[in-house]
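**Student:** For reference, the structure I am asking about is given below.
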Amino acid sequence: MAKAFLICGKICCGKSTYACHLRDENKGILLSVDEIMLALFGPYSGDNHDLFIKKIQEYLLEKSVEIIQGGNNAILDWGFWAKDKRVQVKKFYQSRNIKYEFHFIDVNDEEWKARIAQRNNAVLSGKAAAYPVDENLAAKFEDLFEFPAEDEIDVWVHC
């Protein structure tokens with residue numbers, strides 16, 4: 001039976017790379033909020049950023065049900081930074097009798113900073129369509145990230 005793979009982790013920790021691996025390995029369909037945001041608004045969506053993210057997530061959750069009921073795996077590459085969001089999405093799938101797995105990308109600080117630098121270089125050179133992340137933005141997102149408890153995660157990926 002098809003299921004949802006939910007990718008949790010900080011910004012620039014390797015979620016998208018891991019999600020692509022899961023997609024290929026499990027013949028899944030990748031649902032990325034960042035991909036849609038960048039396609040529609042480029043790297044800067046202004047004051048409506050949070051509203052757009054919320055609406056896209058709502059749409060993609062419903063779309064994931066359609067994908068799973070059609071027999072395909074859905075890979076949600078969102079980050080799931082807040083515990084309440086993780087709980088909310090678990091309830092969403094449980095209420096629909098849909099299987100899901102939370103995968104957490106656990107990256108140490110040194111590797112995380114290296115990945116941020118690598119991503120920024122790729123964005124600046126035009127080799128990647130992603131959001132650039134400066135030190136202030138990284139610090140802001142790190143403060144927003146709620147590290148998951150072991151009982152929240154099905155697959156723990158150490159980097």
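Identifiers in the structure tokens: chain A, B, ... in order shown; residue index from 1 per chain; ligand index from 1 in order shown.
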Considering only helix (DSSP H, G or I) as DSSP defines it on the backbone, what residues of segment 58-99 of chain A qualify? List them as a list in words.

**Tutor:**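 Taking segment 58-99 of chain A and keeping helix (DSSP H, G or I) only, one gets Glu58, Tyr59, Leu60, Leu61, Glu62, Lys63, Ser64, Val65, Glu66, Ile67, Ile68, Gln69, Lys83, Asp84, Lys85, Arg86, Val87, Gln88, Val89, Lys90, Lys91, Phe92, Tyr93 and Gln94 of chain A.
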
**Student:** Neighbours of segment 111-118 of chain A within 12 Å (only C-alpha atoms; same-chain residues fewer than 6 positions away dropped), as an mmCIF file with all heavy atoms, in the first residue's frame?

**Tutor:**
data_model
loop_
_atom_site.group_PDB
_atom_site.id
_atom_site.type_symbol
_atom_site.label_atom_id
_atom_site.label_comp_id
_atom_site.auth_asym_id
_atom_site.auth_seq_id
_atom_site.Cartn_x
_atom_site.Cartn_y
_atom_site.Cartn_z
ATOM 1 N N GLY A 9 13.436 18.417 8.971
ATOM 2 C CA GLY A 9 14.804 18.867 9.193
ATOM 3 C C GLY A 9 14.940 20.357 8.971
ATOM 4 O O GLY A 9 14.065 21.003 8.395
ATOM 5 N N LYS A 10 16.059 20.886 9.450
ATOM 6 C CA LYS A 10 16.357 22.317 9.294
ATOM 7 C C LYS A 10 16.521 22.688 7.822
ATOM 8 O O LYS A 10 16.783 21.828 6.978
ATOM 9 C CB LYS A 10 17.680 22.670 9.982
ATOM 10 C CG LYS A 10 17.713 22.555 11.453
ATOM 11 C CD LYS A 10 19.107 22.999 11.920
ATOM 12 C CE LYS A 10 19.453 22.504 13.271
ATOM 13 N NZ LYS A 10 20.803 22.922 13.668
ATOM 14 N N ILE A 11 16.453 23.967 7.575
ATOM 15 C CA ILE A 11 16.760 24.479 6.247
ATOM 16 C C ILE A 11 18.194 24.091 5.892
ATOM 17 O O ILE A 11 19.071 24.083 6.755
ATOM 18 C CB ILE A 11 16.549 26.015 6.203
ATOM 19 C CG1 ILE A 11 16.603 26.509 4.770
ATOM 20 C CG2 ILE A 11 17.517 26.745 7.112
ATOM 21 C CD1 ILE A 11 16.132 27.941 4.623
ATOM 22 N N CYS A 12 18.404 23.694 4.647
ATOM 23 C CA CYS A 12 19.734 23.348 4.114
ATOM 24 C C CYS A 12 20.377 22.139 4.791
ATOM 25 O O CYS A 12 21.599 22.016 4.791
ATOM 26 C CB CYS A 12 20.698 24.532 4.220
ATOM 27 S SG CYS A 12 20.313 25.885 3.127
ATOM 28 N N CYS A 13 19.592 21.245 5.330
ATOM 29 C CA CYS A 13 20.180 20.072 5.990
ATOM 30 C C CYS A 13 20.324 18.894 5.036
ATOM 31 O O CYS A 13 20.962 17.902 5.380
ATOM 32 C CB CYS A 13 19.368 19.671 7.213
ATOM 33 S SG CYS A 13 17.771 18.947 6.826
ATOM 34 N N GLY A 14 19.722 18.993 3.860
ATOM 35 C CA GLY A 14 19.781 17.899 2.896
ATOM 36 C C GLY A 14 18.436 17.241 2.642
ATOM 37 O O GLY A 14 18.375 16.155 2.054
ATOM 38 N N LYS A 15 17.350 17.893 3.059
ATOM 39 C CA LYS A 15 16.018 17.309 2.896
ATOM 40 C C LYS A 15 15.671 17.039 1.440
ATOM 41 O O LYS A 15 15.179 15.959 1.111
ATOM 42 C CB LYS A 15 14.943 18.234 3.495
ATOM 43 C CG LYS A 15 14.965 18.372 4.979
ATOM 44 C CD LYS A 15 13.823 19.237 5.498
ATOM 45 C CE LYS A 15 13.710 20.591 4.859
ATOM 46 N NZ LYS A 15 14.823 21.513 5.131
ATOM 47 N N THR A 17 17.586 16.688 -1.228
ATOM 48 C CA THR A 17 18.412 15.618 -1.799
ATOM 49 C C THR A 17 17.907 14.257 -1.320
ATOM 50 O O THR A 17 17.754 13.319 -2.108
ATOM 51 C CB THR A 17 19.895 15.809 -1.403
ATOM 52 O OG1 THR A 17 20.328 17.078 -1.905
ATOM 53 C CG2 THR A 17 20.770 14.704 -1.952
ATOM 54 N N ILE A 105 16.207 14.400 9.043
ATOM 55 C CA ILE A 105 17.587 14.594 8.600
ATOM 56 C C ILE A 105 18.309 15.332 9.721
ATOM 57 O O ILE A 105 18.090 16.522 9.936
ATOM 58 C CB ILE A 105 17.658 15.408 7.283
ATOM 59 C CG1 ILE A 105 16.703 14.845 6.227
ATOM 60 C CG2 ILE A 105 19.097 15.462 6.789
ATOM 61 C CD1 ILE A 105 16.904 13.408 5.858
ATOM 62 N N LEU A 124 24.053 31.393 -6.212
ATOM 63 C CA LEU A 124 24.714 32.569 -6.795
ATOM 64 C C LEU A 124 25.293 32.301 -8.180
ATOM 65 O O LEU A 124 25.335 33.193 -9.021
ATOM 66 C CB LEU A 124 25.800 33.073 -5.851
ATOM 67 C CG LEU A 124 25.287 33.682 -4.547
ATOM 68 C CD1 LEU A 124 26.451 33.995 -3.601
ATOM 69 C CD2 LEU A 124 24.462 34.940 -4.815
ATOM 70 N N SER A 125 25.710 31.061 -8.417
ATOM 71 C CA SER A 125 26.282 30.720 -9.727
ATOM 72 C C SER A 125 25.214 30.291 -10.732
ATOM 73 O O SER A 125 25.535 29.966 -11.873
ATOM 74 C CB SER A 125 27.328 29.618 -9.576
ATOM 75 O OG SER A 125 26.714 28.405 -9.167
ATOM 76 N N LYS A 127 23.357 27.631 -10.582
ATOM 77 C CA LYS A 127 23.290 26.168 -10.724
ATOM 78 C C LYS A 127 22.158 25.545 -9.915
ATOM 79 O O LYS A 127 21.911 24.357 -10.037
ATOM 80 C CB LYS A 127 24.623 25.543 -10.308
ATOM 81 C CG LYS A 127 25.764 25.923 -11.229
ATOM 82 C CD LYS A 127 27.064 25.306 -10.771
ATOM 83 C CE LYS A 127 28.196 25.760 -11.694
ATOM 84 N NZ LYS A 127 29.494 25.311 -11.206
ATOM 85 N N ALA A 128 21.496 26.336 -9.080
ATOM 86 C CA ALA A 128 20.402 25.813 -8.257
ATOM 87 C C ALA A 128 19.311 26.859 -8.110
ATOM 88 O O ALA A 128 19.599 28.044 -7.945
ATOM 89 C CB ALA A 128 20.918 25.412 -6.878
ATOM 90 N N ALA A 130 16.961 27.861 -5.601
ATOM 91 C CA ALA A 130 16.682 27.710 -4.167
ATOM 92 C C ALA A 130 16.772 29.076 -3.518
ATOM 93 O O ALA A 130 17.192 30.052 -4.148
ATOM 94 C CB ALA A 130 17.682 26.742 -3.528
ATOM 95 N N TYR A 131 16.392 29.122 -2.265
ATOM 96 C CA TYR A 131 16.506 30.359 -1.515
ATOM 97 C C TYR A 131 17.931 30.511 -0.991
ATOM 98 O O TYR A 131 18.469 29.577 -0.397
ATOM 99 C CB TYR A 131 15.556 30.363 -0.313
ATOM 100 C CG TYR A 131 14.098 30.369 -0.697
ATOM 101 C CD1 TYR A 131 13.331 29.207 -0.613
ATOM 102 C CD2 TYR A 131 13.489 31.531 -1.137
ATOM 103 C CE1 TYR A 131 11.987 29.211 -0.968
ATOM 104 C CE2 TYR A 131 12.149 31.550 -1.488
ATOM 105 C CZ TYR A 131 11.407 30.384 -1.403
ATOM 106 O OH TYR A 131 10.083 30.403 -1.756
ATOM 107 N N PRO A 132 18.547 31.678 -1.189
ATOM 108 C CA PRO A 132 19.843 31.906 -0.540
ATOM 109 C C PRO A 132 19.620 32.071 0.965
ATOM 110 O O PRO A 132 18.578 32.565 1.390
ATOM 111 C CB PRO A 132 20.345 33.203 -1.182
ATOM 112 C CG PRO A 132 19.117 33.884 -1.699
ATOM 113 C CD PRO A 132 18.109 32.805 -1.998
ATOM 114 N N VAL A 133 20.593 31.634 1.750
ATOM 115 C CA VAL A 133 20.455 31.679 3.212
ATOM 116 C C VAL A 133 21.674 32.379 3.796
ATOM 117 O O VAL A 133 22.774 31.829 3.772
ATOM 118 C CB VAL A 133 20.325 30.257 3.802
ATOM 119 C CG1 VAL A 133 20.216 30.314 5.318
ATOM 120 C CG2 VAL A 133 19.129 29.537 3.192
ATOM 121 N N ASP A 134 21.465 33.596 4.308
ATOM 122 C CA ASP A 134 22.580 34.295 4.962
ATOM 123 C C ASP A 134 22.601 33.919 6.449
ATOM 124 O O ASP A 134 21.743 33.178 6.932
ATOM 125 C CB ASP A 134 22.497 35.807 4.746
ATOM 126 C CG ASP A 134 21.270 36.455 5.362
ATOM 127 O OD1 ASP A 134 20.644 35.865 6.270
ATOM 128 O OD2 ASP A 134 20.920 37.566 4.947
ATOM 129 N N GLU A 135 23.583 34.441 7.178
ATOM 130 C CA GLU A 135 23.734 34.082 8.597
ATOM 131 C C GLU A 135 22.511 34.465 9.421
ATOM 132 O O GLU A 135 22.099 33.711 10.308
ATOM 133 C CB GLU A 135 24.989 34.748 9.178
ATOM 134 C CG GLU A 135 26.270 34.113 8.726
ATOM 135 C CD GLU A 135 27.492 34.767 9.361
ATOM 136 O OE1 GLU A 135 27.362 35.380 10.444
ATOM 137 O OE2 GLU A 135 28.573 34.648 8.772
ATOM 138 N N LEU A 137 19.342 34.807 8.416
ATOM 139 C CA LEU A 137 18.225 33.928 8.080
ATOM 140 C C LEU A 137 18.441 32.537 8.676
ATOM 141 O O LEU A 137 17.506 31.943 9.217
ATOM 142 C CB LEU A 137 18.059 33.845 6.555
ATOM 143 C CG LEU A 137 16.783 33.194 6.043
ATOM 144 C CD1 LEU A 137 15.546 33.896 6.572
ATOM 145 C CD2 LEU A 137 16.790 33.196 4.515
ATOM 146 N N ALA A 138 19.667 32.034 8.617
ATOM 147 C CA ALA A 138 19.970 30.724 9.211
ATOM 148 C C ALA A 138 19.700 30.745 10.706
ATOM 149 O O ALA A 138 19.103 29.805 11.246
ATOM 150 C CB ALA A 138 21.419 30.339 8.923
ATOM 151 N N ALA A 139 20.106 31.809 11.377
ATOM 152 C CA ALA A 139 19.886 31.925 12.822
ATOM 153 C C ALA A 139 18.394 32.000 13.132
ATOM 154 O O ALA A 139 17.909 31.369 14.084
ATOM 155 C CB ALA A 139 20.606 33.148 13.371
ATOM 156 N N GLU A 142 16.915 28.555 12.590
ATOM 157 C CA GLU A 142 17.384 27.628 13.624
ATOM 158 C C GLU A 142 16.583 27.840 14.912
ATOM 159 O O GLU A 142 16.223 26.878 15.596
ATOM 160 C CB GLU A 142 18.869 27.798 13.888
ATOM 161 C CG GLU A 142 19.414 26.759 14.852
ATOM 162 C CD GLU A 142 20.921 26.792 14.967
ATOM 163 O OE1 GLU A 142 21.532 27.858 14.765
ATOM 164 O OE2 GLU A 142 21.485 25.738 15.284
ATOM 165 N N HIS A 158 21.262 10.262 10.102
ATOM 166 C CA HIS A 158 22.390 11.038 10.658
ATOM 167 C C HIS A 158 23.340 11.432 9.534
ATOM 168 O O HIS A 158 23.722 10.591 8.728
ATOM 169 C CB HIS A 158 23.139 10.212 11.714
ATOM 170 C CG HIS A 158 22.305 9.877 12.899
ATOM 171 N ND1 HIS A 158 22.077 10.776 13.918
ATOM 172 C CD2 HIS A 158 21.607 8.762 13.220
ATOM 173 C CE1 HIS A 158 21.291 10.216 14.820
ATOM 174 N NE2 HIS A 158 20.987 9.003 14.420
ATOM 175 N N CYS A 159 23.679 12.706 9.507
ATOM 176 C CA CYS A 159 24.615 13.208 8.484
ATOM 177 C C CYS A 159 25.870 13.740 9.139
ATOM 178 O O CYS A 159 25.858 14.245 10.206
ATOM 179 C CB CYS A 159 23.950 14.307 7.671
ATOM 180 S SG CYS A 159 22.479 13.781 6.815
#

**Student:** Under the rule that only C-alpha atoms are counted, which of A:Phe102, A:Ser45, A:Lys54, A:Ala74 is the nearest residue to Val87 of chain A?

**Tutor:**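 Closest residue, counting only C-alpha atoms: A:Phe102.
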
**Student:** Arg23 of chain A: which residues within 8 Å, counting only C-alpha atoms, same-chain residues fewer than 6 positions away excluded, as a count of residues only?

**Tutor:** 3

**Student:** Any idea what the distance is between atom CA of Leu38 of chain A and atom CA of Ala129 of chain A?

**Tutor:**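 These atoms are spaced 7.3 Å apart.
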
**Student:** Got a sec to tell me which of segment 74-137 of chain A DSSP assigns to strand (DSSP E), as number ranges by chain?

**Tutor:** A: 74-79, 99-106

**Student:** Find the residues around segment 32-36 of chain A up to 10 Å (only C-alpha atoms counted), leave out those fewer than 4 positions away in its own chain, and share them as a PyMOL selection string.

**Tutor:** chain A and resi 16+19+40-43+52-57+59-60+75-79+129-131

**Student:** Show me, as a ChimeraX atom specification, the residues that have an atom within 12 Å of Lys85 of chain A when counting only C-alpha atoms, minus same-chain residues fewer than 3 positions from it.

**Tutor:** /A:6,8,54,57-58,78-82,88-92,145-146,148,152

**Student:** Could you tell me which of A:Ile7, A:Ala2, A:Leu144, A:Ala122 comes closest to Val157 of chain A if we count only C-alpha atoms?

**Tutor:** A:Ile7

**Student:** Grab the atom CA of Lys27 of chain A to atom CA of Asp151 of chain A distance for me, in Å with one decimal place.

**Tutor:**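 Atom-to-atom, atom CA of Lys27 of chain A to atom CA of Asp151 of chain A, that is 26.7 Å.
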
**Student:** Quick check, in Å to one decimal: how far apart do atom CA of Glu110 of chain A and atom CA of Gly126 of chain A lie?

**Tutor:**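 Those two atoms sit 24.6 Å apart.
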
**Student:** Calculated over only C-alpha atoms, which of the candidates A:Val107, A:Met37, A:Ile153, A:Ala4 has the smallest distance to Glu62 of chain A?

**Tutor:** A:Ala4
